[in-house]
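Remarks on the structure that follows.
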Amino acid sequence: MIEKILTVKNRAGIHARPAAIIAQTSNKFESEITLSKDDAAVNAKSIMGVIAMGAGYNTQLTLKVEGPDESEAASVIEELFESKFEEE
């Protein structure tokens with residue numbers, strides 16, 4: 001299992017567009033991918049789950065990836081956060 005702390009760097013936070021990008025990207029992988037904020041964990045493959053977390057600017061989320069392609073999945077999702085979901 002891979003676990004990383006990711007920070008929401010885009011000013012608008014995770015709204016519908018970034019949530020869709022996260023879910024679409026996560027669905028390309030076989031691994032189980034979860035995002036956690038405080039005590040709540042959601043399946044990163046679910047757009048509604050990701051939106052429901054209410055992750056605003058500078059929020060720290062814990063990414064957990066477990067499965068056969070976990071290394072690649074974690075890297076790709078981390079890059080989405082680093083690129084600010086290409087919004088800025």
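Letters A, B, ... go to the chains of the structure tokens in the order shown; residues in each chain start at 1; ligands are counted from 1 in the same order.
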Non-local contacts of Met48 (chain A) (10 Å; only C-alpha atoms; under 6 positions in same chain excluded) as a PDB file with all heavy atoms, in the first residue's frame:
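Result file is around-v4.pdb:
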```
ATOM      1  N   ALA A  16     -16.568  20.472  -8.967  1.00  0.00           N
ATOM      2  CA  ALA A  16     -16.993  19.430  -9.908  1.00  0.00           C
ATOM      3  C   ALA A  16     -15.920  19.038 -10.923  1.00  0.00           C
ATOM      4  O   ALA A  16     -15.702  17.847 -11.161  1.00  0.00           O
ATOM      5  CB  ALA A  16     -18.252  19.877 -10.644  1.00  0.00           C
ATOM      6  N   ALA A  19     -12.971  17.113  -9.311  1.00  0.00           N
ATOM      7  CA  ALA A  19     -13.501  15.832  -8.819  1.00  0.00           C
ATOM      8  C   ALA A  19     -13.683  14.859  -9.979  1.00  0.00           C
ATOM      9  O   ALA A  19     -13.370  13.673  -9.863  1.00  0.00           O
ATOM     10  CB  ALA A  19     -14.821  16.043  -8.083  1.00  0.00           C
ATOM     11  N   ALA A  20     -14.178  15.366 -11.111  1.00  0.00           N
ATOM     12  CA  ALA A  20     -14.359  14.520 -12.285  1.00  0.00           C
ATOM     13  C   ALA A  20     -13.013  14.027 -12.804  1.00  0.00           C
ATOM     14  O   ALA A  20     -12.876  12.856 -13.175  1.00  0.00           O
ATOM     15  CB  ALA A  20     -15.105  15.287 -13.377  1.00  0.00           C
ATOM     16  N   ALA A  23     -11.747  11.300 -10.434  1.00  0.00           N
ATOM     17  CA  ALA A  23     -12.503  10.052 -10.593  1.00  0.00           C
ATOM     18  C   ALA A  23     -12.169   9.363 -11.919  1.00  0.00           C
ATOM     19  O   ALA A  23     -11.938   8.154 -11.954  1.00  0.00           O
ATOM     20  CB  ALA A  23     -14.005  10.326 -10.493  1.00  0.00           C
ATOM     21  N   VAL A  42     -13.169   8.506   1.225  1.00  0.00           N
ATOM     22  CA  VAL A  42     -14.040   8.276   0.081  1.00  0.00           C
ATOM     23  C   VAL A  42     -13.283   7.535  -1.015  1.00  0.00           C
ATOM     24  O   VAL A  42     -12.062   7.623  -1.115  1.00  0.00           O
ATOM     25  CB  VAL A  42     -14.618   9.593  -0.497  1.00  0.00           C
ATOM     26  CG1 VAL A  42     -15.452  10.324   0.538  1.00  0.00           C
ATOM     27  CG2 VAL A  42     -13.528  10.480  -1.038  1.00  0.00           C
TER      28      VAL A  42
END
```
Quick one: residues within 10 Å of Gly56 (chain A), only C-alpha atoms counted, chain neighbours fewer than 5 positions away excluded, as a ChimeraX atom specification?
/A:7-15
If you run DSSP over the backbone, which residues in chain A end up helix (DSSP H, G or I)? Put them as a count of residues only.
33
DSSP strand (DSSP E or B) selection over chain A, as a compact mmCIF listing (two decimals) with C-alpha atoms, in the first residue's frame:
```
# COMPACT_ATOMS: atom_id res chain seq x y z
CA ILE A 2 1.15 3.51 -0.81
CA GLU A 3 0.09 6.44 1.36
CA LYS A 4 0.80 10.09 0.59
CA ILE A 5 -0.29 13.45 1.92
CA LEU A 6 -1.56 15.71 -0.87
CA THR A 7 -2.39 19.41 -0.63
CA GLU A 32 -8.27 0.64 -4.77
CA ILE A 33 -7.81 4.39 -4.37
CA THR A 34 -9.14 6.37 -1.41
CA LEU A 35 -8.88 9.98 -0.35
CA SER A 36 -9.28 10.87 3.33
CA LYS A 37 -9.94 14.17 5.08
CA ALA A 40 -13.88 10.68 6.35
CA ALA A 41 -12.56 8.43 3.58
CA VAL A 42 -14.04 8.28 0.08
CA ASN A 43 -13.49 6.15 -2.98
CA GLN A 60 -4.49 18.28 3.16
CA LEU A 61 -5.83 14.93 2.01
CA THR A 62 -4.41 11.47 2.55
CA LEU A 63 -4.16 9.37 -0.59
CA LYS A 64 -4.12 5.59 -0.12
CA VAL A 65 -3.56 3.29 -3.07
CA GLU A 66 -3.49 -0.49 -2.88
```
For a quick check of understanding, using only C-alpha atoms, which of A:Ser31, A:Asn58, A:Gln24, A:Ser46 has the smallest distance to Glu82 (chain A)?
A:Asn58
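Each of A:Met1, A:Ala55, A:Glu87, A:Ala44 was checked against Glu70 (chain A) using only C-alpha atoms; the smallest atom-to-atom distance is that of A:Met1.
Among the candidate residues A:Pro68, A:Pro18, A:Val50, A:Glu30, the one lying nearest to Ser83 (chain A) is A:Pro18, with distances computed using only C-alpha atoms.
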From the set A:Asp39, A:Ile22, A:Tyr57, A:Ile51, which residue has the shortest atom-to-atom contact distance to Ala73 (chain A), counting only C-alpha atoms?
A:Ile22
Could you please determine the separation between CA of Ala52 (chain A) and CA of Ile77 (chain A) in Å, to one decimal place?
18.3 Å
